[in-house]
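K.L.:
My structure is in coords_17.pdb, and what it holds is PDB, C-alpha atoms, pLDDT in the B column:
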ATOM      1  CA  MET A   1    -201.355 -73.516  17.699  1.00 38.00           C
ATOM      2  CA  THR A   2    -201.039 -69.711  17.765  1.00 45.00           C
ATOM      3  CA  LYS A   3    -199.481 -68.133  14.716  1.00 51.00           C
ATOM      4  CA  ARG A   4    -196.646 -65.653  15.260  1.00 46.00           C
ATOM      5  CA  ASN A   5    -195.770 -62.748  13.016  1.00 52.00           C
ATOM      6  CA  SER A   6    -192.279 -61.518  12.135  1.00 51.00           C
ATOM      7  CA  ARG A   7    -192.069 -59.610  15.433  1.00 50.00           C
ATOM      8  CA  GLY A   8    -192.886 -62.768  17.373  1.00 52.00           C
ATOM      9  CA  THR A   9    -196.240 -61.518  18.624  1.00 52.00           C
ATOM     10  CA  ALA A  10    -199.383 -63.596  18.378  1.00 56.00           C
ATOM     11  CA  GLU A  11    -201.487 -63.111  15.273  1.00 59.00           C
ATOM     12  CA  LYS A  12    -205.272 -63.265  15.259  1.00 60.00           C
ATOM     13  CA  PRO A  13    -206.742 -66.311  13.561  1.00 73.00           C
ATOM     14  CA  ASP A  14    -207.514 -65.711   9.891  1.00 87.00           C
ATOM     15  CA  ALA A  15    -211.251 -66.163  10.459  1.00 88.00           C
ATOM     16  CA  GLU A  16    -211.284 -63.364  13.044  1.00 89.00           C
ATOM     17  CA  LEU A  17    -209.303 -61.040  10.770  1.00 86.00           C
ATOM     18  CA  ASP A  18    -211.570 -61.886   7.853  1.00 88.00           C
ATOM     19  CA  ALA A  19    -214.624 -61.071   9.951  1.00 90.00           C
ATOM     20  CA  LEU A  20    -213.139 -57.705  10.981  1.00 89.00           C
ATOM     21  CA  TRP A  21    -212.287 -56.928   7.356  1.00 90.00           C
ATOM     22  CA  GLU A  22    -215.836 -57.799   6.240  1.00 91.00           C
ATOM     23  CA  GLN A  23    -217.214 -55.573   8.992  1.00 92.00           C
ATOM     24  CA  PHE A  24    -214.995 -52.684   7.854  1.00 91.00           C
ATOM     25  CA  GLN A  25    -215.990 -53.136   4.216  1.00 92.00           C
ATOM     26  CA  SER A  26    -219.673 -52.886   5.069  1.00 92.00           C
ATOM     27  CA  CYS A  27    -219.532 -50.094   7.655  1.00 91.00           C
ATOM     28  CA  ALA A  28    -221.248 -46.794   6.983  1.00 91.00           C
ATOM     29  CA  ALA A  29    -219.618 -43.381   6.864  1.00 91.00           C
ATOM     30  CA  LEU A  30    -218.950 -41.779  10.254  1.00 92.00           C
ATOM     31  CA  LEU A  31    -220.514 -38.460   9.236  1.00 92.00           C
ATOM     32  CA  ALA A  32    -223.350 -37.330   7.010  1.00 91.00           C
ATOM     33  CA  ASP A  33    -222.639 -34.586   4.479  1.00 88.00           C
ATOM     34  CA  ASP A  34    -224.125 -31.844   6.678  1.00 92.00           C
ATOM     35  CA  ASP A  35    -222.227 -32.985   9.788  1.00 92.00           C
ATOM     36  CA  VAL A  36    -218.912 -31.596   8.563  1.00 91.00           C
ATOM     37  CA  ASP A  37    -220.350 -28.082   8.196  1.00 89.00           C
ATOM     38  CA  VAL A  38    -222.059 -28.327  11.600  1.00 88.00           C
ATOM     39  CA  ILE A  39    -218.783 -29.378  13.273  1.00 86.00           C
ATOM     40  CA  GLU A  40    -216.826 -26.642  11.513  1.00 86.00           C
ATOM     41  CA  ARG A  41    -219.347 -23.977  12.561  1.00 83.00           C
ATOM     42  CA  ALA A  42    -219.305 -25.247  16.150  1.00 79.00           C
ATOM     43  CA  GLN A  43    -215.500 -25.101  16.218  1.00 78.00           C
ATOM     44  CA  ALA A  44    -215.496 -21.563  14.824  1.00 78.00           C
ATOM     45  CA  SER A  45    -218.055 -20.320  17.342  1.00 75.00           C
ATOM     46  CA  ALA A  46    -216.794 -22.360  20.285  1.00 64.00           C
ATOM     47  CA  ALA A  47    -217.052 -20.715  23.671  1.00 59.00           C
ATOM     48  CA  LEU A  48    -213.288 -20.909  24.053  1.00 60.00           C
ATOM     49  CA  SER A  49    -212.391 -19.011  20.927  1.00 67.00           C
ATOM     50  CA  GLY A  50    -210.822 -15.601  21.325  1.00 71.00           C
ATOM     51  CA  ILE A  51    -210.920 -13.852  24.672  1.00 76.00           C
ATOM     52  CA  PRO A  52    -211.848 -16.803  26.965  1.00 78.00           C
ATOM     53  CA  ARG A  53    -209.089 -18.951  25.462  1.00 81.00           C
ATOM     54  CA  ARG A  54    -206.563 -16.163  25.918  1.00 86.00           C
ATOM     55  CA  ALA A  55    -207.753 -15.575  29.502  1.00 87.00           C
ATOM     56  CA  ILE A  56    -207.274 -19.257  30.357  1.00 89.00           C
ATOM     57  CA  LEU A  57    -203.801 -19.213  28.836  1.00 89.00           C
ATOM     58  CA  ALA A  58    -202.955 -15.986  30.695  1.00 92.00           C
ATOM     59  CA  SER A  59    -204.205 -17.430  33.983  1.00 94.00           C
ATOM     60  CA  ALA A  60    -201.896 -20.429  33.494  1.00 95.00           C
ATOM     61  CA  ARG A  61    -198.992 -18.080  34.281  1.00 96.00           C
ATOM     62  CA  PHE A  62    -200.113 -17.903  37.920  1.00 96.00           C
ATOM     63  CA  GLY A  63    -199.200 -20.443  40.568  1.00 96.00           C
ATOM     64  CA  GLY A  64    -201.714 -22.012  42.928  1.00 96.00           C
ATOM     65  CA  ALA A  65    -201.199 -19.483  45.730  1.00 96.00           C
ATOM     66  CA  GLU A  66    -201.673 -16.583  43.314  1.00 97.00           C
ATOM     67  CA  LEU A  67    -204.856 -18.112  41.889  1.00 96.00           C
ATOM     68  CA  ILE A  68    -206.251 -18.644  45.390  1.00 97.00           C
ATOM     69  CA  GLU A  69    -205.481 -15.040  46.309  1.00 97.00           C
ATOM     70  CA  LYS A  70    -207.075 -13.678  43.135  1.00 96.00           C
ATOM     71  CA  ALA A  71    -210.165 -15.877  43.634  1.00 97.00           C
ATOM     72  CA  LYS A  72    -210.828 -14.128  46.961  1.00 98.00           C
ATOM     73  CA  ASP A  73    -212.106 -11.187  44.919  1.00 98.00           C
ATOM     74  CA  ARG A  74    -215.717 -11.995  43.965  1.00 98.00           C
ATOM     75  CA  ASP A  75    -215.525 -10.483  40.470  1.00 97.00           C
ATOM     76  CA  CYS A  76    -212.374 -12.442  39.752  1.00 96.00           C
ATOM     77  CA  ALA A  77    -213.965 -15.597  41.174  1.00 97.00           C
ATOM     78  CA  ILE A  78    -216.919 -15.195  38.794  1.00 97.00           C
ATOM     79  CA  VAL A  79    -214.525 -14.810  35.863  1.00 94.00           C
ATOM     80  CA  PHE A  80    -212.629 -17.933  36.997  1.00 95.00           C
ATOM     81  CA  ALA A  81    -215.900 -19.883  37.247  1.00 96.00           C
ATOM     82  CA  ALA A  82    -216.947 -18.733  33.769  1.00 92.00           C
ATOM     83  CA  LEU A  83    -213.578 -19.829  32.407  1.00 91.00           C
ATOM     84  CA  VAL A  84    -213.953 -23.217  34.091  1.00 93.00           C
ATOM     85  CA  GLU A  85    -217.387 -23.712  32.473  1.00 91.00           C
ATOM     86  CA  ALA A  86    -216.202 -22.524  29.048  1.00 86.00           C
ATOM     87  CA  GLY A  87    -213.049 -24.620  29.352  1.00 86.00           C
ATOM     88  CA  ASP A  88    -214.935 -27.776  30.297  1.00 87.00           C
ATOM     89  CA  ALA A  89    -217.333 -27.358  27.354  1.00 84.00           C
ATOM     90  CA  TRP A  90    -214.426 -26.767  24.963  1.00 82.00           C
ATOM     91  CA  ILE A  91    -212.498 -29.779  26.312  1.00 86.00           C
ATOM     92  CA  ASN A  92    -215.519 -32.043  25.800  1.00 87.00           C
ATOM     93  CA  ARG A  93    -215.939 -30.826  22.207  1.00 85.00           C
ATOM     94  CA  GLN A  94    -212.243 -31.367  21.527  1.00 87.00           C
ATOM     95  CA  ARG A  95    -212.378 -34.896  22.993  1.00 93.00           C
ATOM     96  CA  SER A  96    -215.264 -35.775  20.698  1.00 91.00           C
ATOM     97  CA  LEU A  97    -213.402 -34.380  17.714  1.00 92.00           C
ATOM     98  CA  ILE A  98    -210.239 -36.292  18.673  1.00 95.00           C
ATOM     99  CA  GLU A  99    -212.210 -39.538  18.979  1.00 96.00           C
ATOM    100  CA  LEU A 100    -213.734 -38.942  15.549  1.00 95.00           C
ATOM    101  CA  ALA A 101    -210.308 -38.174  14.041  1.00 96.00           C
ATOM    102  CA  GLU A 102    -208.783 -41.298  15.616  1.00 97.00           C
ATOM    103  CA  ALA A 103    -211.558 -43.492  14.251  1.00 95.00           C
ATOM    104  CA  GLN A 104    -211.334 -41.968  10.796  1.00 96.00           C
ATOM    105  CA  THR A 105    -207.529 -42.147  10.541  1.00 95.00           C
ATOM    106  CA  LEU A 106    -207.788 -45.843  11.436  1.00 94.00           C
ATOM    107  CA  ARG A 107    -210.408 -46.298   8.721  1.00 95.00           C
ATOM    108  CA  LEU A 108    -208.187 -44.471   6.213  1.00 95.00           C
ATOM    109  CA  ARG A 109    -205.225 -46.650   7.193  1.00 93.00           C
ATOM    110  CA  MET A 110    -207.351 -49.771   6.756  1.00 93.00           C
ATOM    111  CA  SER A 111    -208.448 -48.593   3.308  1.00 94.00           C
ATOM    112  CA  LEU A 112    -204.791 -48.676   2.240  1.00 94.00           C
ATOM    113  CA  MET A 113    -204.046 -52.162   3.578  1.00 91.00           C
ATOM    114  CA  GLU A 114    -204.650 -54.024   0.330  1.00 89.00           C
ATOM    115  CA  ARG A 115    -202.176 -51.868  -1.572  1.00 93.00           C
ATOM    116  CA  PRO A 116    -198.937 -53.795  -2.152  1.00 94.00           C
ATOM    117  CA  ASP A 117    -197.107 -50.432  -2.149  1.00 96.00           C
ATOM    118  CA  MET A 118    -198.660 -49.176   1.103  1.00 94.00           C
ATOM    119  CA  GLU A 119    -195.288 -48.396   2.713  1.00 94.00           C
ATOM    120  CA  ALA A 120    -194.168 -46.481  -0.378  1.00 94.00           C
ATOM    121  CA  VAL A 121    -197.465 -44.552  -0.385  1.00 95.00           C
ATOM    122  CA  PHE A 122    -196.889 -43.520   3.251  1.00 93.00           C
ATOM    123  CA  ALA A 123    -193.272 -42.572   2.493  1.00 93.00           C
ATOM    124  CA  GLU A 124    -194.375 -40.378  -0.395  1.00 92.00           C
ATOM    125  CA  ALA A 125    -197.142 -38.820   1.698  1.00 92.00           C
ATOM    126  CA  LEU A 126    -194.681 -38.008   4.479  1.00 91.00           C
ATOM    127  CA  ALA A 127    -192.241 -36.510   2.004  1.00 91.00           C
ATOM    128  CA  THR A 128    -195.053 -34.393   0.578  1.00 90.00           C
ATOM    129  CA  LEU A 129    -196.206 -33.222   3.994  1.00 88.00           C
ATOM    130  CA  GLY A 130    -192.708 -32.630   5.285  1.00 85.00           C
ATOM    131  CA  GLU A 131    -190.984 -33.134   8.592  1.00 61.00           C
ATOM    132  CA  THR A 132    -193.940 -32.118  10.772  1.00 60.00           C
ATOM    133  CA  ALA A 133    -196.046 -35.012   9.533  1.00 51.00           C
ATOM    134  CA  GLU A 134    -193.139 -37.424   9.930  1.00 51.00           C
ATOM    135  CA  VAL A 135    -192.719 -36.485  13.584  1.00 56.00           C
ATOM    136  CA  ALA A 136    -196.469 -36.861  14.223  1.00 59.00           C
ATOM    137  CA  HIS A 137    -196.613 -40.191  12.336  1.00 54.00           C
ATOM    138  CA  HIS A 138    -193.730 -41.763  14.220  1.00 55.00           C
ATOM    139  CA  GLY A 139    -194.761 -40.432  17.582  1.00 51.00           C
TER
END
Just give me the structure as structure tokens.

P.N.:
Amino acid sequence: MTKRNSRGTAEKPDAELDALWEQFQSCAALLADDDVDVIERAQASAALSGIPRRAILASARFGGAELIEKAKDRDCAIVFAALVEAGDAWINRQRSLIELAEAQTLRLRMSLMERPDMEAVFAEALATLGETAEVAHHG
């Protein structure tokens, strides 16, 4: 028979949860010590910092017809193509960083699961961080 939790949704069998917990307890760190500095340097020197980022944001003020018209000029078309390449590279870096952050916030959350006061710890953390964190935490 499937167990149900207080919300009425199916719970995983204890053996499966125990196996996941054991796996978490024995997993390695996501990053080596040097990786943090490498990621920070890459973010600081990213192709979309400064002028290219501002140019992409500025170009977002134009509608499709205006962009098409501007792209008829070869120099402008080359700039657009450069912004596309820089933007794609930046997006891929950001995606990787988001995936890392999602994995690590899950790991941090799991590390708190054995605390009997976990909800109180989150409440205090949110109070410390202020309203911005509360909005982000509750979606």

K.L.:
Tell me, in Å to one decimal, how far atom CA of Leu97 of chain A is from atom CA of Ile39 of chain A.

P.N.:
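Distance reported for this atom pair: 8.6 Å.
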
K.L.:
Any idea what's packed within 10 Å of segment 100-115 of chain A, counting all atoms listed in the file, ignoring anything in its chain fewer than 6 positions away? Could you give it as number ranges by chain?

P.N.:
A: 21, 24-25, 27, 29-31, 94, 121-122

K.L.:
Could you write those residues out with C-alpha atoms, as a CSV table (one decimal), in the frame of the given file?

P.N.:
chain,number,residue,atom,x,y,z
A,21,TRP,CA,-212.3,-56.9,7.4
A,24,PHE,CA,-215.0,-52.7,7.9
A,25,GLN,CA,-216.0,-53.1,4.2
A,27,CYS,CA,-219.5,-50.1,7.7
A,29,ALA,CA,-219.6,-43.4,6.9
A,30,LEU,CA,-219.0,-41.8,10.3
A,31,LEU,CA,-220.5,-38.5,9.2
A,94,GLN,CA,-212.2,-31.4,21.5
A,121,VAL,CA,-197.5,-44.6,-0.4
A,122,PHE,CA,-196.9,-43.5,3.3

K.L.:
Please write out, as lines of an AutoDock Vina configuration file, where the centre of an axis-aligned box around all listed atoms of segment 90-107 of chain A lies and how long its edges are, in Å to one decimal, after adding 6 Å on each side.

P.N.:
center_x = -211.7
center_y = -36.5
center_z = 17.5
size_x = 20.4
size_y = 31.5
size_z = 29.6

K.L.:
For a quick check of your reading of the model, name the residues lying within 12 Å of the coordinate (-206.6, -20.5, 27.8), counting only C-alpha atoms, and write them as an MDAnalysis selection string.

P.N.:
chainID A and resid 47:61 80 83:84 86:88 90:91

K.L.:
State, in Å with one decimal place, the distance from atom CA of Glu40 of chain A to atom CA of Ala28 of chain A.

P.N.:
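Calculated distance between atom CA of Glu40 of chain A and atom CA of Ala28 of chain A is 21.1 Å.
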
K.L.:
Grab the atom CA of Asp117 of chain A to atom CA of Asp18 of chain A distance for me, in Å with one decimal place.

P.N.:
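Value for the atom CA of Asp117 of chain A-atom CA of Asp18 of chain A distance: 21.0 Å.
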
K.L.:
Considering only C-alpha atoms, can you say which of A:Phe62, A:Cys76, A:Gln43, A:Glu119 comes closest to Asn92 of chain A?

P.N.:
A:Gln43
